[in-house]
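Colleague: Could you have a look at this structure, given as structure tokens, before my questions?
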Amino acid sequence: MKLTRRQLLSAAAVLAVPGALALLRFRPWETAQAQEALTVGYLPVTCHLTCPVTDYASRSSRFARFDSQRYLDFPTMVEAIKSGRLQASFMVVPLAMKLREQGVPVKLVYLGHREGSTLMVRAANPATDLAALRGTSFAIPTRYSNQNLVLHRLMAQQGLTEADLKIVELPPPDMPGALAAGAIEGYFVGEPMAAKAELAGTGRVLYHAHAIWPGFISCGLVVHEELIERKPALIADLVRGIAQSGQWIEHHRPEAAAIAAPYYRQEERLLRHVLTDPGRVSYVNLTPQDADLQAIHTLAVQLGILTQPLRMSELIDRRFVPGRIDAIELAPPERPA
């Protein structure tokens with residue numbers, strides 16, 4: 001059906017007003033339009049939890065549909081971004097910096113969480129600090145992860161060198177199994193891959209991230225500049241949705257576990273264990289700050305993970321962060337009778 005001039009102007013007005021971009025609060029167009037969709041990548045870790053919650057919430061939106069796409073490792077995700085198949089994704093912050101260094105034009109538009117990572121050891125290991133793991137194998141998600149940076153910071157504090165710990169890269173879902181099999185002695189990862197070993201009795205918590213680096217940041221929402229330039233209203237809606245989802249999760253943690261479980265293909269009780277443990281992961285205070293990101297970049301350069309200077313203005317785009325963040329209006333999923 002051909003739109004009238006009044007209908008076109010009405011649609012344009014909705015897109016032009018920032019407040020109209022609030023998730024689940026769109027002004028309906030007078031004529032139904034095809035729903036715009038955007039695929040957003042994530043890993044099944046609680047660092048990325050706002051992604052599936054926003055997916056779930058956007059099913060009721062008439063403006064945009066945010067389809068979350070599950071990945072099991074960062075290398076596969078990076079290849080999708082480099083090829084153009086994926087233009088928005090959650091990823092570890094140093095990896096986003098590395099993409100910029102390699103000439104991939106991505107911007108960090110929001111954070112995924114704070115805290116939310118845990119350093120695990122085998123349950124039978126009596127270690128009380130990292131130094132006690134000298135000579136063993138230890139897993140991280142990728143050398144470009146904040147977990148790797150924090151691990152090296154802790155190693156330096158406890159007098160360990162690269163020769164003292166055999167650091168291996170493993171996809172997060174593989175870590176609990178590797179620990180149970182004795183292939184590694186410990187690992188540092190985003191939840192709930194730590195809690196999985198904890199509940200199984202094969203691993204125990206050695207450190208939570210906030211005990212090593214208060215206000216710890218692991219992942220952020222990264223968007224290709226081409227998409228930002230072409231569809232700024234869509235990105236504004238995505239960031240607002242992520243922000244509002246985080247606010248909702250803070251006050252509806254058991255319900256968030258129920259929503260995420262089928263997306264993650266994990267047991268609801270596992271996610272609930274992480275989300276209802278006070279201080280284990282936070283979804284507020286997620287506007288990216290230059291000082292936080294600069295500290296990450298500086299440490300990554302010191303470790304040789306990054307090799308070139310990067311101004312935070314080249315990486316961060318805060319234009320889409322809403323001035324006021326209200327929780328989304330979201331009903332929990334219906335449970336089978």
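As shown in the structure tokens, the chain order sets the letters A, B, ...; within each chain, residues go from 1, and ligands are also counted from 1 in the order they appear.
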Which neighbours of Gln157 (chain A) fall inside 12 Å, counting only C-alpha atoms, when residues of the same chain fewer than 3 positions from it are skipped, and could you give them as an NGL selection string?
Modeller: :A and (129-131 or 150-154 or 160-161 or 212)
Colleague: Taking the chain letters and numbering used in this document, name the residues of region 59-261 of chain A that DSSP puts in alpha helix (DSSP H), as a ChimeraX atom specification.
Modeller: /A:74-83,93-101,146-157,175-180,193-200,209-212,225-230,232-251,253-261
Colleague: I need the residues from that last selection saved to file as an mmCIF file, in the first residue's frame (with C-alpha atoms), if you can.
Modeller:
data_model
loop_
_atom_site.group_PDB
_atom_site.id
_atom_site.type_symbol
_atom_site.label_atom_id
_atom_site.label_comp_id
_atom_site.auth_asym_id
_atom_site.auth_seq_id
_atom_site.Cartn_x
_atom_site.Cartn_y
_atom_site.Cartn_z
ATOM 1 C CA PHE A 74 35.288 -15.352 19.413
ATOM 2 C CA PRO A 75 37.346 -16.361 16.336
ATOM 3 C CA THR A 76 34.182 -17.474 14.511
ATOM 4 C CA MET A 77 32.453 -14.259 15.528
ATOM 5 C CA VAL A 78 35.381 -12.140 14.308
ATOM 6 C CA GLU A 79 35.365 -13.839 10.917
ATOM 7 C CA ALA A 80 31.658 -13.068 10.579
ATOM 8 C CA ILE A 81 32.346 -9.406 11.370
ATOM 9 C CA LYS A 82 35.276 -9.146 8.973
ATOM 10 C CA SER A 83 33.253 -10.737 6.175
ATOM 11 C CA VAL A 93 36.921 -5.224 24.699
ATOM 12 C CA PRO A 94 40.595 -5.856 23.796
ATOM 13 C CA LEU A 95 39.396 -7.810 20.751
ATOM 14 C CA ALA A 96 37.357 -4.803 19.617
ATOM 15 C CA MET A 97 40.515 -2.715 20.025
ATOM 16 C CA LYS A 98 42.467 -5.230 17.968
ATOM 17 C CA LEU A 99 39.894 -5.031 15.186
ATOM 18 C CA ARG A 100 40.347 -1.235 15.113
ATOM 19 C CA GLU A 101 44.093 -1.750 15.010
ATOM 20 C CA ASN A 146 40.151 -8.953 29.530
ATOM 21 C CA GLN A 147 40.441 -12.205 31.460
ATOM 22 C CA ASN A 148 43.914 -12.597 29.948
ATOM 23 C CA LEU A 149 44.850 -9.048 30.944
ATOM 24 C CA VAL A 150 43.633 -9.491 34.514
ATOM 25 C CA LEU A 151 45.339 -12.878 34.742
ATOM 26 C CA HIS A 152 48.673 -11.316 33.791
ATOM 27 C CA ARG A 153 48.103 -8.493 36.261
ATOM 28 C CA LEU A 154 47.539 -11.080 38.997
ATOM 29 C CA MET A 155 50.576 -13.086 37.850
ATOM 30 C CA ALA A 156 52.773 -10.003 38.188
ATOM 31 C CA GLN A 157 51.407 -9.303 41.669
ATOM 32 C CA MET A 175 36.347 -25.101 29.891
ATOM 33 C CA PRO A 176 34.285 -26.964 32.523
ATOM 34 C CA GLY A 177 34.770 -30.258 30.690
ATOM 35 C CA ALA A 178 38.516 -29.695 30.318
ATOM 36 C CA LEU A 179 38.769 -28.964 34.046
ATOM 37 C CA ALA A 180 36.787 -32.091 34.968
ATOM 38 C CA MET A 193 30.953 -21.372 32.629
ATOM 39 C CA ALA A 194 32.613 -21.053 36.031
ATOM 40 C CA ALA A 195 29.452 -21.844 37.978
ATOM 41 C CA LYS A 196 28.921 -24.935 35.831
ATOM 42 C CA ALA A 197 32.033 -26.555 37.317
ATOM 43 C CA GLU A 198 31.138 -25.200 40.739
ATOM 44 C CA LEU A 199 27.688 -26.833 40.729
ATOM 45 C CA ALA A 200 29.084 -30.047 39.262
ATOM 46 C CA ALA A 209 36.932 -10.711 39.002
ATOM 47 C CA HIS A 210 35.995 -7.826 41.277
ATOM 48 C CA ALA A 211 38.467 -9.051 43.892
ATOM 49 C CA ILE A 212 41.294 -8.577 41.388
ATOM 50 C CA GLU A 225 30.603 2.175 11.430
ATOM 51 C CA GLU A 226 28.876 1.600 8.091
ATOM 52 C CA LEU A 227 25.734 0.438 9.885
ATOM 53 C CA ILE A 228 25.913 3.361 12.303
ATOM 54 C CA GLU A 229 26.078 5.843 9.437
ATOM 55 C CA ARG A 230 23.363 4.121 7.438
ATOM 56 C CA PRO A 232 21.537 5.541 13.284
ATOM 57 C CA ALA A 233 17.923 5.252 14.502
ATOM 58 C CA LEU A 234 18.203 1.472 14.518
ATOM 59 C CA ILE A 235 21.429 1.614 16.541
ATOM 60 C CA ALA A 236 19.902 4.108 18.966
ATOM 61 C CA ASP A 237 17.038 1.694 19.502
ATOM 62 C CA LEU A 238 19.431 -1.221 19.989
ATOM 63 C CA VAL A 239 21.517 0.624 22.600
ATOM 64 C CA ARG A 240 18.410 1.814 24.411
ATOM 65 C CA GLY A 241 17.069 -1.727 24.389
ATOM 66 C CA ILE A 242 20.311 -3.118 25.783
ATOM 67 C CA ALA A 243 20.416 -0.429 28.483
ATOM 68 C CA GLN A 244 16.813 -0.966 29.492
ATOM 69 C CA SER A 245 17.251 -4.723 29.462
ATOM 70 C CA GLY A 246 20.146 -4.369 31.882
ATOM 71 C CA GLN A 247 18.024 -2.252 34.189
ATOM 72 C CA TRP A 248 15.265 -4.854 34.071
ATOM 73 C CA ILE A 249 17.673 -7.749 34.744
ATOM 74 C CA GLU A 250 18.967 -6.010 37.881
ATOM 75 C CA HIS A 251 15.508 -6.296 39.455
ATOM 76 C CA ARG A 253 17.180 -11.882 38.002
ATOM 77 C CA PRO A 254 15.285 -15.193 38.335
ATOM 78 C CA GLU A 255 13.037 -14.158 35.444
ATOM 79 C CA ALA A 256 16.076 -13.210 33.358
ATOM 80 C CA ALA A 257 17.492 -16.698 33.959
ATOM 81 C CA ALA A 258 14.247 -18.204 32.665
ATOM 82 C CA ILE A 259 14.361 -16.061 29.522
ATOM 83 C CA ALA A 260 18.037 -16.735 28.782
ATOM 84 C CA ALA A 261 18.078 -20.497 29.374
#
Colleague: For each of A:Thr142, A:Thr54, A:Ser218, A:Thr287, take the minimum atom-to-atom distance to Val109 (chain A), counting only C-alpha atoms, then give the residue where this is smallest.
Modeller: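 Checking each candidate against Val109 (chain A), we get A:Thr287 as the closest.
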Colleague: Using only C-alpha atoms, can you tell me which of A:Leu86, A:Val189, A:Ala127, A:Leu72 comes closest to His224 (chain A)?
Modeller: A:Leu86
Colleague: Could you pull out the strand (DSSP E) residues of region 136-216 of chain A, going by DSSP on the backbone, and write them as a ChimeraX atom specification?
Modeller: /A:137-140,166-169,186-190,203-208
Colleague: Any chance you can output those residues with all heavy atoms as a compact mmCIF listing (two decimals), in the first residue's frame?
Modeller:
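This went into selection_34.txt:
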# COMPACT_ATOMS: atom_id res chain seq x y z
N SER A 137 48.58 -26.04 33.60
CA SER A 137 47.90 -25.44 32.44
C SER A 137 46.69 -24.66 32.91
O SER A 137 45.93 -25.13 33.78
CB SER A 137 47.48 -26.53 31.45
OG SER A 137 48.60 -27.16 30.88
N PHE A 138 46.50 -23.48 32.32
CA PHE A 138 45.42 -22.58 32.72
C PHE A 138 44.77 -22.02 31.47
O PHE A 138 45.46 -21.57 30.55
CB PHE A 138 45.99 -21.45 33.59
CG PHE A 138 44.94 -20.65 34.30
CD1 PHE A 138 44.55 -20.97 35.59
CD2 PHE A 138 44.33 -19.58 33.67
CE1 PHE A 138 43.58 -20.23 36.24
CE2 PHE A 138 43.36 -18.83 34.30
CZ PHE A 138 42.98 -19.16 35.60
N ALA A 139 43.43 -22.01 31.42
CA ALA A 139 42.71 -21.62 30.20
C ALA A 139 42.10 -20.22 30.29
O ALA A 139 41.63 -19.80 31.35
CB ALA A 139 41.62 -22.63 29.88
N ILE A 140 42.11 -19.54 29.16
CA ILE A 140 41.45 -18.24 28.98
C ILE A 140 40.63 -18.32 27.69
O ILE A 140 40.89 -19.17 26.84
CB ILE A 140 42.47 -17.09 28.88
CG1 ILE A 140 43.49 -17.38 27.76
CG2 ILE A 140 43.16 -16.86 30.23
CD1 ILE A 140 44.42 -16.23 27.45
N LYS A 166 51.29 -22.35 32.01
CA LYS A 166 51.01 -22.67 30.61
C LYS A 166 49.60 -22.19 30.27
O LYS A 166 48.61 -22.83 30.62
CB LYS A 166 51.14 -24.17 30.36
CG LYS A 166 50.95 -24.54 28.89
CD LYS A 166 51.06 -26.04 28.67
CE LYS A 166 50.82 -26.38 27.19
NZ LYS A 166 50.89 -27.86 26.97
N ILE A 167 49.52 -21.06 29.60
CA ILE A 167 48.23 -20.46 29.29
C ILE A 167 47.75 -20.97 27.93
O ILE A 167 48.45 -20.87 26.93
CB ILE A 167 48.34 -18.93 29.28
CG1 ILE A 167 48.79 -18.43 30.65
CG2 ILE A 167 46.99 -18.30 28.91
CD1 ILE A 167 49.07 -16.94 30.71
N VAL A 168 46.54 -21.52 27.91
CA VAL A 168 45.95 -22.05 26.68
C VAL A 168 44.63 -21.34 26.41
O VAL A 168 43.96 -20.88 27.34
CB VAL A 168 45.73 -23.58 26.76
CG1 VAL A 168 47.05 -24.29 26.93
CG2 VAL A 168 44.78 -23.93 27.90
N GLU A 169 44.26 -21.24 25.15
CA GLU A 169 42.99 -20.64 24.76
C GLU A 169 41.97 -21.73 24.49
O GLU A 169 42.23 -22.67 23.74
CB GLU A 169 43.17 -19.77 23.51
CG GLU A 169 44.12 -18.59 23.72
CD GLU A 169 44.27 -17.74 22.47
OE1 GLU A 169 43.28 -17.57 21.74
OE2 GLU A 169 45.40 -17.26 22.23
N GLY A 186 42.99 -24.92 35.90
CA GLY A 186 42.14 -23.79 36.23
C GLY A 186 41.77 -23.02 34.99
O GLY A 186 42.29 -23.27 33.90
N TYR A 187 40.83 -22.07 35.15
CA TYR A 187 40.46 -21.21 34.03
C TYR A 187 39.82 -19.94 34.56
O TYR A 187 39.34 -19.88 35.69
CB TYR A 187 39.55 -21.93 33.04
CG TYR A 187 38.21 -22.42 33.55
CD1 TYR A 187 37.08 -21.60 33.55
CD2 TYR A 187 38.06 -23.73 33.99
CE1 TYR A 187 35.85 -22.06 33.98
CE2 TYR A 187 36.84 -24.21 34.43
CZ TYR A 187 35.73 -23.37 34.43
OH TYR A 187 34.50 -23.83 34.86
N PHE A 188 39.82 -18.92 33.69
CA PHE A 188 39.25 -17.62 34.02
C PHE A 188 38.30 -17.27 32.89
O PHE A 188 38.72 -17.15 31.73
CB PHE A 188 40.37 -16.59 34.14
CG PHE A 188 39.96 -15.27 34.76
CD1 PHE A 188 38.75 -15.11 35.43
CD2 PHE A 188 40.80 -14.17 34.69
CE1 PHE A 188 38.39 -13.91 35.99
CE2 PHE A 188 40.47 -12.95 35.25
CZ PHE A 188 39.25 -12.82 35.91
N VAL A 189 37.01 -17.10 33.20
CA VAL A 189 36.01 -16.98 32.13
C VAL A 189 34.79 -16.23 32.63
O VAL A 189 34.57 -16.11 33.84
CB VAL A 189 35.62 -18.39 31.64
CG1 VAL A 189 34.73 -19.10 32.65
CG2 VAL A 189 34.94 -18.34 30.27
N GLY A 190 34.00 -15.76 31.67
CA GLY A 190 32.72 -15.16 32.01
C GLY A 190 31.73 -16.24 32.45
O GLY A 190 31.75 -17.37 31.96
N GLY A 203 34.94 -28.08 40.22
CA GLY A 203 35.75 -26.88 40.35
C GLY A 203 35.29 -26.04 41.52
O GLY A 203 34.18 -26.22 42.04
N ARG A 204 36.15 -25.11 41.93
CA ARG A 204 35.78 -24.18 43.00
C ARG A 204 36.32 -22.80 42.67
O ARG A 204 37.29 -22.66 41.90
CB ARG A 204 36.31 -24.65 44.35
CG ARG A 204 37.81 -24.70 44.46
CD ARG A 204 38.27 -25.17 45.85
NE ARG A 204 39.72 -25.23 45.92
CZ ARG A 204 40.50 -24.18 46.20
NH1 ARG A 204 39.96 -22.99 46.42
NH2 ARG A 204 41.82 -24.30 46.24
N VAL A 205 35.70 -21.80 43.24
CA VAL A 205 36.08 -20.41 42.98
C VAL A 205 37.38 -20.09 43.71
O VAL A 205 37.49 -20.31 44.92
CB VAL A 205 34.97 -19.45 43.43
CG1 VAL A 205 35.43 -18.00 43.27
CG2 VAL A 205 33.68 -19.70 42.65
N LEU A 206 38.35 -19.55 42.96
CA LEU A 206 39.58 -19.05 43.58
C LEU A 206 39.48 -17.53 43.74
O LEU A 206 39.82 -17.00 44.80
CB LEU A 206 40.79 -19.41 42.73
CG LEU A 206 42.16 -19.10 43.35
CD1 LEU A 206 42.35 -19.84 44.67
CD2 LEU A 206 43.29 -19.47 42.38
N TYR A 207 39.02 -16.84 42.68
CA TYR A 207 38.80 -15.41 42.75
C TYR A 207 37.59 -15.04 41.88
O TYR A 207 37.41 -15.60 40.79
CB TYR A 207 39.98 -14.62 42.17
CG TYR A 207 41.31 -14.79 42.84
CD1 TYR A 207 42.27 -15.64 42.29
CD2 TYR A 207 41.63 -14.09 44.00
CE1 TYR A 207 43.53 -15.79 42.88
CE2 TYR A 207 42.88 -14.24 44.60
CZ TYR A 207 43.82 -15.09 44.03
OH TYR A 207 45.06 -15.23 44.62
N HIS A 208 36.81 -14.10 42.34
CA HIS A 208 35.88 -13.40 41.47
C HIS A 208 36.61 -12.19 40.89
O HIS A 208 37.52 -11.64 41.52
CB HIS A 208 34.63 -12.95 42.24
CG HIS A 208 33.73 -14.07 42.63
ND1 HIS A 208 33.13 -14.90 41.71
CD2 HIS A 208 33.32 -14.50 43.86
CE1 HIS A 208 32.38 -15.80 42.34
NE2 HIS A 208 32.49 -15.59 43.64
Colleague: Could you work out how far CA of Val222 (chain A) lies from CA of His48 (chain A), giving the answer in Å with one decimal?
Modeller: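 Taking CA of His48 (chain A) and CA of Val222 (chain A), their separation equals 11.8 Å.
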Colleague: Excluding Cys47 (chain A) and residues on its chain fewer than 2 positions from it, collect all residues at most 7 Å away from it, counting only C-alpha atoms, and give them as number ranges by chain.
Modeller: A: 45, 49, 112-113, 116, 190, 219
Colleague: May I have the residues from that selection written out with all heavy atoms, as an mmCIF file, in the first residue's frame?
Modeller:
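part-v4.cif written:
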data_model
loop_
_atom_site.group_PDB
_atom_site.id
_atom_site.type_symbol
_atom_site.label_atom_id
_atom_site.label_comp_id
_atom_site.auth_asym_id
_atom_site.auth_seq_id
_atom_site.Cartn_x
_atom_site.Cartn_y
_atom_site.Cartn_z
ATOM 1 N N VAL A 45 27.301 -16.437 27.594
ATOM 2 C CA VAL A 45 27.880 -16.061 28.881
ATOM 3 C C VAL A 45 27.065 -14.899 29.436
ATOM 4 O O VAL A 45 26.457 -14.133 28.679
ATOM 5 C CB VAL A 45 29.366 -15.668 28.738
ATOM 6 C CG1 VAL A 45 30.204 -16.890 28.419
ATOM 7 C CG2 VAL A 45 29.559 -14.596 27.668
ATOM 8 N N LEU A 49 24.258 -11.172 28.507
ATOM 9 C CA LEU A 49 22.870 -11.514 28.817
ATOM 10 C C LEU A 49 21.857 -10.508 28.279
ATOM 11 O O LEU A 49 20.726 -10.875 27.925
ATOM 12 C CB LEU A 49 22.699 -11.653 30.335
ATOM 13 C CG LEU A 49 21.327 -12.091 30.832
ATOM 14 C CD1 LEU A 49 20.951 -13.468 30.307
ATOM 15 C CD2 LEU A 49 21.291 -12.080 32.363
ATOM 16 N N GLY A 112 28.588 -4.485 28.140
ATOM 17 C CA GLY A 112 27.669 -5.594 28.338
ATOM 18 C C GLY A 112 27.329 -5.832 29.800
ATOM 19 O O GLY A 112 26.248 -6.322 30.121
ATOM 20 N N HIS A 113 28.241 -5.477 30.697
ATOM 21 C CA HIS A 113 28.088 -5.807 32.106
ATOM 22 C C HIS A 113 29.270 -5.211 32.867
ATOM 23 O O HIS A 113 30.170 -4.619 32.274
ATOM 24 C CB HIS A 113 28.137 -7.328 32.291
ATOM 25 C CG HIS A 113 29.521 -7.852 32.042
ATOM 26 N ND1 HIS A 113 30.303 -8.417 33.024
ATOM 27 C CD2 HIS A 113 30.301 -7.816 30.935
ATOM 28 C CE1 HIS A 113 31.486 -8.715 32.521
ATOM 29 N NE2 HIS A 113 31.517 -8.361 31.251
ATOM 30 N N GLY A 116 31.195 -10.277 36.706
ATOM 31 C CA GLY A 116 30.685 -11.356 35.868
ATOM 32 C C GLY A 116 31.691 -12.378 35.374
ATOM 33 O O GLY A 116 31.355 -13.212 34.537
ATOM 34 N N GLY A 190 33.998 -15.756 31.669
ATOM 35 C CA GLY A 190 32.719 -15.162 32.005
ATOM 36 C C GLY A 190 31.730 -16.235 32.448
ATOM 37 O O GLY A 190 31.749 -17.365 31.956
ATOM 38 N N CYS A 219 33.185 -7.342 28.366
ATOM 39 C CA CYS A 219 32.648 -7.241 27.006
ATOM 40 C C CYS A 219 31.851 -5.962 26.777
ATOM 41 O O CYS A 219 31.350 -5.341 27.710
ATOM 42 C CB CYS A 219 31.757 -8.442 26.706
ATOM 43 S SG CYS A 219 32.650 -10.009 26.751
#
Colleague: Under the rule that only C-alpha atoms are counted, which of A:Val281, A:Ala327, A:Leu299, A:Ile316 is the nearest residue to Ser145 (chain A)?
Modeller: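 Nearest to Ser145 (chain A): A:Leu299.
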